[in-house]
Amino acid sequence: MTNAQIAAALEELAVLYQLDGADHYRVLAYTNSARTIKNEGRSVEEMALAGTITELPGVGKTLEEKIVALVETGEIPAAAKLKEKIPEGLLEISRIQGLGPKTVRRLYDELDVTGPDDLRAAAEAQKVRAMKGLGPKVEEKILTGLDKLEAEPEGPTRLRLDEIRPVAEELAAALRDNPNCERAEVAGSVRRWTETCKDIDLIASSTSPKELAAAIAEHELVAEHGNPNETGIRLTTNSGIGVDVRFVAPEAFGHLLQHFTGSGPHNAELRERAVARGLHVSENGIKDDSTGETEFFATEEEIYERLGYRYIVPELREDRGELDAAAAGELPELVERSQIKGDLHSHTTLSDGVGSLEEMAAAAEALGYEYLAITDHSESHGFGNNVEADRLWQRIEEIAELNHEGRGIRLLSGSEVNIHPNGSVDYDDDLLEELDWVIASIHTAFSDDADRNTGRMITAIENPQVDCIGHPTGRLINRRDPYPLNIERVIAAAVENDTMIEINSNPRRRDLNEIHARMAAEAGVKIVINTDAHRPETLELIEYGIATARRAWLTPDQVQNTRSWWK
DNA sequence: GCCGTTTTCGGCCCGACTGTTTTCAGTCG
């Protein structure tokens, strides 16, 4: 059972308890443990069976018992019991925006609502507005919420960062360009460089906020907007992305920026620790119990300093140990884009790329790189993009000639070889030996069996001709789950054989992800950040791989392509 | 349900917004 599956079961149990009227903090214990498990790289199933799971923060005796039952029998007895008592449809309708567990429970108790159909009937018969504390507006919200539920049964999908980031940057730039704007910044998950984002948060200060709000509402990307006012405005873009613009006085800019950058768990933990010292943190400032005064800071740096921490960059604000590290002055010096000296995974027209050798070289040189590995697909790739051995021998010559001509960048002759189901790779050893750089990836025959996939990959890792494993889990964000893989065994094999592992920067992949990359680097795996560029301009996507590396706490010495090629 | 720089019991982050109601509960981020 995967960590994601265990986390989902605990989240479901949390909702069930909520509908059952359980204490708020008990519910919180379940949702918090679900988050911890999602953030854990090691197999939680194995930890549960080994009796070490209570090492995880927020997991005590009771949760241990429930998780062990879950991995052993496939279900949690308490959840099964609650499901007998609470109709499944109630879980569904509690996903409606603005409809919480308390109201859902009352709808069930007072109107016998057991699911979406009952609820629609009750709302249409105007029975909801007859309930105490509810009125016609709630009824309306329920009906539109039900429509949404029908249209998107899986819930709203979070957009990939590359789908949302350009919009956020353009709107922030538009705010800055307005003469009424003093300062504007992107906050929220976009600023933290998460894999996916729900919406866009923008923070701005202005001498005449209302006019600024009215101006941004007229931007060409904006389809709908709420009322412009002194505190902000809510926008929806043409592509359906929600945007929250908030205004703040310049002297308190840091507080709002910090608050809306999040993450929620980071802020909650930050505040909880502050309370122990008599300080109350909010988006409005820091209230000191000892003086009764509220302090204001213009920058986040000052806020973190006041609370006893080194400055924590947005990428680390996930409540994954950054507060302890910042308090102890032990935050890592994170890898930066400017430190990358070359890209070790790229394609040309020889396989499925759209740039020639020269075009790719020129683009890499323009980025200031010292080297670029040309790693077209191998012999068995198919799709008409396969490269026969003879052609690759020829390509080695072409690259040697280009290098001989002496340009500002060194090209490395390489290949992205397919890992076959038995773990062997394309091409004979004498050809592989002649290459500067060999990446091995799985592109076909994903098995649903973790043991088989893992064994296949470890065979490739053990192959002395293989330098690096490409996009190790094969996941496509929002589109394809990773194939089952025992990542801990892969990491151990990579350390033992001194085989590197890639963080693929393509924003659709970001593979390794930040959790696994952190675990791999801590275990001693040499990480490489590559773009897998299929056209000259996509070499720029390195910034997404850098972001994943930073979110994985990686330092430049853990990233091999911060070094010159000979090193 | 978890946990301990005051604690093995009694706390557990903070505020805005909404819709309903004359002061607040519920929901959300």
# chains A, B, ... in the order shown; residues from 1 in each chain; ligands from 1

$ select_by_dssp --residues "segment 141-261 of chain A" --states "helix (DSSP H, G or I)" --output "PyMOL selection string"
chain A and resi 141-151+161-177+188-192+209-217+250-261

$ residues_around --residues "Glu12 of chain A" --least-positions-apart "2" --cutoff "12 Å" --atoms "only C-alpha atoms (C1' of nucleotides)" --output "MDAnalysis selection string"
chainID A and resid 5:10 14:19 27 30:31 34 75:76 78:80 82:83 88 90:92 94:95

$ write_last_selection --atoms "N, CA, C and O atoms" --output "short mmCIF file (atom, residue, chain, number, x, y, z; two decimals), in the first residue's frame"
data_model
loop_
_atom_site.label_atom_id
_atom_site.label_comp_id
_atom_site.auth_asym_id
_atom_site.auth_seq_id
_atom_site.Cartn_x
_atom_site.Cartn_y
_atom_site.Cartn_z
N GLN A 5 -2.05 6.19 -0.61
CA GLN A 5 -3.27 5.44 -0.31
C GLN A 5 -3.58 5.45 1.19
O GLN A 5 -4.73 5.59 1.60
N ILE A 6 -2.52 5.32 1.99
CA ILE A 6 -2.71 5.35 3.45
C ILE A 6 -3.22 6.73 3.88
O ILE A 6 -4.16 6.86 4.66
N ALA A 7 -2.61 7.77 3.29
CA ALA A 7 -3.02 9.14 3.62
C ALA A 7 -4.48 9.37 3.23
O ALA A 7 -5.25 9.98 3.98
N ALA A 8 -4.88 8.85 2.07
CA ALA A 8 -6.26 9.03 1.61
C ALA A 8 -7.24 8.36 2.57
O ALA A 8 -8.31 8.90 2.86
N ALA A 9 -6.87 7.18 3.07
CA ALA A 9 -7.74 6.47 4.01
C ALA A 9 -7.91 7.26 5.31
O ALA A 9 -9.00 7.32 5.88
N LEU A 10 -6.82 7.90 5.76
CA LEU A 10 -6.90 8.69 6.99
C LEU A 10 -7.71 9.96 6.78
O LEU A 10 -8.45 10.40 7.66
N ALA A 14 -11.06 11.05 8.70
CA ALA A 14 -11.21 12.37 9.32
C ALA A 14 -12.58 12.97 8.97
O ALA A 14 -13.28 13.49 9.84
N VAL A 15 -12.97 12.87 7.70
CA VAL A 15 -14.28 13.40 7.29
C VAL A 15 -15.40 12.63 7.96
O VAL A 15 -16.39 13.22 8.43
N LEU A 16 -15.25 11.31 8.04
CA LEU A 16 -16.28 10.49 8.70
C LEU A 16 -16.44 10.90 10.16
O LEU A 16 -17.56 11.06 10.65
N TYR A 17 -15.32 11.07 10.86
CA TYR A 17 -15.39 11.50 12.26
C TYR A 17 -16.06 12.87 12.38
O TYR A 17 -16.84 13.12 13.29
N GLN A 18 -15.71 13.75 11.43
CA GLN A 18 -16.28 15.09 11.43
C GLN A 18 -17.80 15.02 11.30
O GLN A 18 -18.53 15.67 12.05
N LEU A 19 -18.28 14.21 10.35
CA LEU A 19 -19.71 14.06 10.14
C LEU A 19 -20.36 13.41 11.35
O LEU A 19 -21.55 13.61 11.62
N VAL A 27 -10.22 15.32 14.89
CA VAL A 27 -10.26 15.33 13.43
C VAL A 27 -8.93 15.86 12.88
O VAL A 27 -8.35 15.31 11.94
N TYR A 30 -6.10 13.45 12.64
CA TYR A 30 -6.13 12.57 11.47
C TYR A 30 -5.66 13.28 10.21
O TYR A 30 -4.88 12.72 9.43
N THR A 31 -6.13 14.51 10.00
CA THR A 31 -5.70 15.22 8.79
C THR A 31 -4.20 15.54 8.85
O THR A 31 -3.50 15.46 7.85
N ALA A 34 -2.23 12.46 8.06
CA ALA A 34 -2.31 12.17 6.62
C ALA A 34 -1.28 13.01 5.87
O ALA A 34 -0.60 12.51 4.97
N GLU A 75 -8.54 -2.28 5.40
CA GLU A 75 -9.46 -1.25 5.89
C GLU A 75 -9.24 -0.98 7.38
O GLU A 75 -8.65 -1.78 8.11
N ILE A 76 -9.73 0.19 7.80
CA ILE A 76 -9.66 0.56 9.21
C ILE A 76 -11.00 0.22 9.85
O ILE A 76 -12.04 0.72 9.38
N ALA A 78 -12.60 1.16 12.42
CA ALA A 78 -13.39 2.32 12.84
C ALA A 78 -14.07 2.98 11.65
O ALA A 78 -15.22 3.44 11.74
N ALA A 79 -13.37 3.01 10.50
CA ALA A 79 -13.95 3.62 9.30
C ALA A 79 -15.10 2.77 8.78
O ALA A 79 -16.14 3.29 8.38
N ALA A 80 -14.90 1.45 8.79
CA ALA A 80 -15.94 0.55 8.31
C ALA A 80 -17.21 0.71 9.15
O ALA A 80 -18.32 0.75 8.64
N LEU A 82 -18.13 3.38 10.92
CA LEU A 82 -18.75 4.68 10.65
C LEU A 82 -19.50 4.68 9.33
O LEU A 82 -20.54 5.32 9.20
N LYS A 83 -18.96 3.94 8.36
CA LYS A 83 -19.61 3.91 7.05
C LYS A 83 -20.97 3.23 7.11
O LYS A 83 -21.85 3.51 6.30
N GLU A 88 -22.78 7.16 2.42
CA GLU A 88 -21.61 7.55 1.62
C GLU A 88 -21.82 8.89 0.91
O GLU A 88 -20.89 9.66 0.72
N LEU A 90 -23.04 11.49 1.93
CA LEU A 90 -22.73 12.67 2.75
C LEU A 90 -21.28 13.10 2.57
O LEU A 90 -20.97 14.29 2.63
N LEU A 91 -20.38 12.13 2.36
CA LEU A 91 -18.99 12.47 2.10
C LEU A 91 -18.89 13.27 0.81
O LEU A 91 -18.12 14.22 0.71
N GLU A 92 -19.71 12.86 -0.15
CA GLU A 92 -19.68 13.53 -1.45
C GLU A 92 -20.15 14.97 -1.33
O GLU A 92 -19.49 15.89 -1.82
N SER A 94 -20.23 16.86 1.21
CA SER A 94 -19.41 17.72 2.07
C SER A 94 -18.25 18.33 1.28
O SER A 94 -17.52 19.17 1.79
N ARG A 95 -18.09 17.91 0.02
CA ARG A 95 -17.06 18.54 -0.83
C ARG A 95 -17.55 19.85 -1.44
O ARG A 95 -16.77 20.60 -2.01
#

$ residues_around --residues "DT21 of chain B" --least-positions-apart "3" --cutoff "12 Å" --atoms "only C-alpha atoms (C1' of nucleotides)" --output "list in words"
Lys132, Gly133, Leu134 and Gly135 of chain A; DT18, DC24 and DA25 of chain B

$ residues_around --residues "DT5 of chain B" --least-positions-apart "2" --cutoff "12 Å" --atoms "only C-alpha atoms (C1' of nucleotides)" --output "PyMOL selection string"
(chain A and resi 273+276-277) or (chain B and resi 7)

$ residues_around --residues "Val354 of chain A" --least-positions-apart "6" --cutoff "7 Å" --atoms "only C-alpha atoms (C1' of nucleotides)" --output "NGL selection string"
:A and (348 or 534-535)

$ write_last_selection --atoms "all heavy atoms" --output "compact mmCIF listing (two decimals), in the first residue's frame"
# COMPACT_ATOMS: atom_id res chain seq x y z
N THR A 348 17.61 15.82 -30.11
CA THR A 348 17.67 16.58 -31.36
C THR A 348 16.76 15.91 -32.38
O THR A 348 16.09 14.92 -32.07
CB THR A 348 19.11 16.59 -31.94
OG1 THR A 348 19.41 15.25 -32.40
CG2 THR A 348 20.13 17.00 -30.89
N HIS A 534 13.46 18.88 -25.67
CA HIS A 534 13.19 18.37 -27.01
C HIS A 534 13.19 19.50 -28.03
O HIS A 534 12.89 19.28 -29.20
CB HIS A 534 11.86 17.62 -27.04
CG HIS A 534 11.96 16.21 -26.50
ND1 HIS A 534 12.23 15.95 -25.17
CD2 HIS A 534 11.85 14.99 -27.11
CE1 HIS A 534 12.26 14.63 -24.99
NE2 HIS A 534 12.04 14.03 -26.15
N ARG A 535 13.46 20.72 -27.58
CA ARG A 535 13.61 21.86 -28.48
C ARG A 535 14.52 22.88 -27.79
O ARG A 535 14.62 22.86 -26.56
CB ARG A 535 12.26 22.47 -28.86
CG ARG A 535 11.36 22.76 -27.66
CD ARG A 535 10.02 23.34 -28.09
NE ARG A 535 9.17 22.37 -28.74
CZ ARG A 535 8.62 22.56 -29.94
NH1 ARG A 535 8.84 23.68 -30.61
NH2 ARG A 535 7.85 21.62 -30.46

$ interface_residues --of "chain A" --to "chain B" --cutoff "7 Å" --atoms "only C-alpha atoms (C1' of nucleotides)" --output "list in words"
Arg26, Ala29, Gly58, Gly60, Gly98, Gly100, Gly133, Leu134, Ala268, Arg271, Glu272 and Ser282 of chain A

$ closest_atom_pairs --of "segment 182-291 of chain A" --to "segment 170-175 of chain A" --cutoff "7 Å" --atoms "only C-alpha atoms" --output "JSON lines"
{"residue": "A:Ala184", "atom": "CA", "partner": "A:Ala172", "partner_atom": "CA", "distance": 6.0}
{"residue": "A:Glu185", "atom": "CA", "partner": "A:Ala172", "partner_atom": "CA", "distance": 6.2}
{"residue": "A:Val186", "atom": "CA", "partner": "A:Ala172", "partner_atom": "CA", "distance": 6.4}
{"residue": "A:Leu202", "atom": "CA", "partner": "A:Ala172", "partner_atom": "CA", "distance": 6.8}
{"residue": "A:Ile216", "atom": "CA", "partner": "A:Leu175", "partner_atom": "CA", "distance": 6.7}

$ write_last_selection --atoms "all heavy atoms" --output "PDB file, in the first residue's frame"
ATOM      1  N   ALA A 184       4.270  45.092  -5.872  1.00  0.00           N
ATOM      2  CA  ALA A 184       3.384  43.941  -6.090  1.00  0.00           C
ATOM      3  C   ALA A 184       4.224  42.673  -6.157  1.00  0.00           C
ATOM      4  O   ALA A 184       5.279  42.655  -6.789  1.00  0.00           O
ATOM      5  CB  ALA A 184       2.586  44.110  -7.378  1.00  0.00           C
ATOM      6  N   GLU A 185       3.760  41.625  -5.495  1.00  0.00           N
ATOM      7  CA  GLU A 185       4.490  40.358  -5.483  1.00  0.00           C
ATOM      8  C   GLU A 185       3.516  39.191  -5.641  1.00  0.00           C
ATOM      9  O   GLU A 185       2.380  39.255  -5.165  1.00  0.00           O
ATOM     10  CB  GLU A 185       5.240  40.154  -4.155  1.00  0.00           C
ATOM     11  CG  GLU A 185       6.246  41.229  -3.803  1.00  0.00           C
ATOM     12  CD  GLU A 185       7.504  41.207  -4.658  1.00  0.00           C
ATOM     13  OE1 GLU A 185       7.740  40.191  -5.350  1.00  0.00           O
ATOM     14  OE2 GLU A 185       8.239  42.213  -4.648  1.00  0.00           O
ATOM     15  N   VAL A 186       4.004  38.142  -6.275  1.00  0.00           N
ATOM     16  CA  VAL A 186       3.271  36.881  -6.325  1.00  0.00           C
ATOM     17  C   VAL A 186       3.494  36.173  -4.987  1.00  0.00           C
ATOM     18  O   VAL A 186       4.632  36.081  -4.516  1.00  0.00           O
ATOM     19  CB  VAL A 186       3.769  35.989  -7.473  1.00  0.00           C
ATOM     20  CG1 VAL A 186       3.055  34.641  -7.463  1.00  0.00           C
ATOM     21  CG2 VAL A 186       3.595  36.691  -8.808  1.00  0.00           C
ATOM     22  N   LEU A 202      -1.894  37.392  -5.121  1.00  0.00           N
ATOM     23  CA  LEU A 202      -1.042  38.546  -5.407  1.00  0.00           C
ATOM     24  C   LEU A 202      -1.166  39.551  -4.255  1.00  0.00           C
ATOM     25  O   LEU A 202      -2.271  39.784  -3.762  1.00  0.00           O
ATOM     26  CB  LEU A 202      -1.455  39.223  -6.715  1.00  0.00           C
ATOM     27  CG  LEU A 202      -1.414  38.351  -7.983  1.00  0.00           C
ATOM     28  CD1 LEU A 202      -2.004  39.100  -9.167  1.00  0.00           C
ATOM     29  CD2 LEU A 202       0.020  37.921  -8.292  1.00  0.00           C
ATOM     30  N   ILE A 216      -6.848  46.591 -12.561  1.00  0.00           N
ATOM     31  CA  ILE A 216      -6.448  45.204 -12.837  1.00  0.00           C
ATOM     32  C   ILE A 216      -7.652  44.380 -13.293  1.00  0.00           C
ATOM     33  O   ILE A 216      -7.513  43.406 -14.036  1.00  0.00           O
ATOM     34  CB  ILE A 216      -5.730  44.561 -11.619  1.00  0.00           C
ATOM     35  CG1 ILE A 216      -4.984  43.289 -12.021  1.00  0.00           C
ATOM     36  CG2 ILE A 216      -6.697  44.246 -10.485  1.00  0.00           C
ATOM     37  CD1 ILE A 216      -3.803  43.505 -12.926  1.00  0.00           C
TER      38      ILE A 216
END

$ residues_around --residues "Lys127 of chain A" --least-positions-apart "6" --cutoff "12 Å" --atoms "only C-alpha atoms (C1' of nucleotides)" --output "PyMOL selection string"
chain A and resi 107+110-113+118-121+134-136+138-140
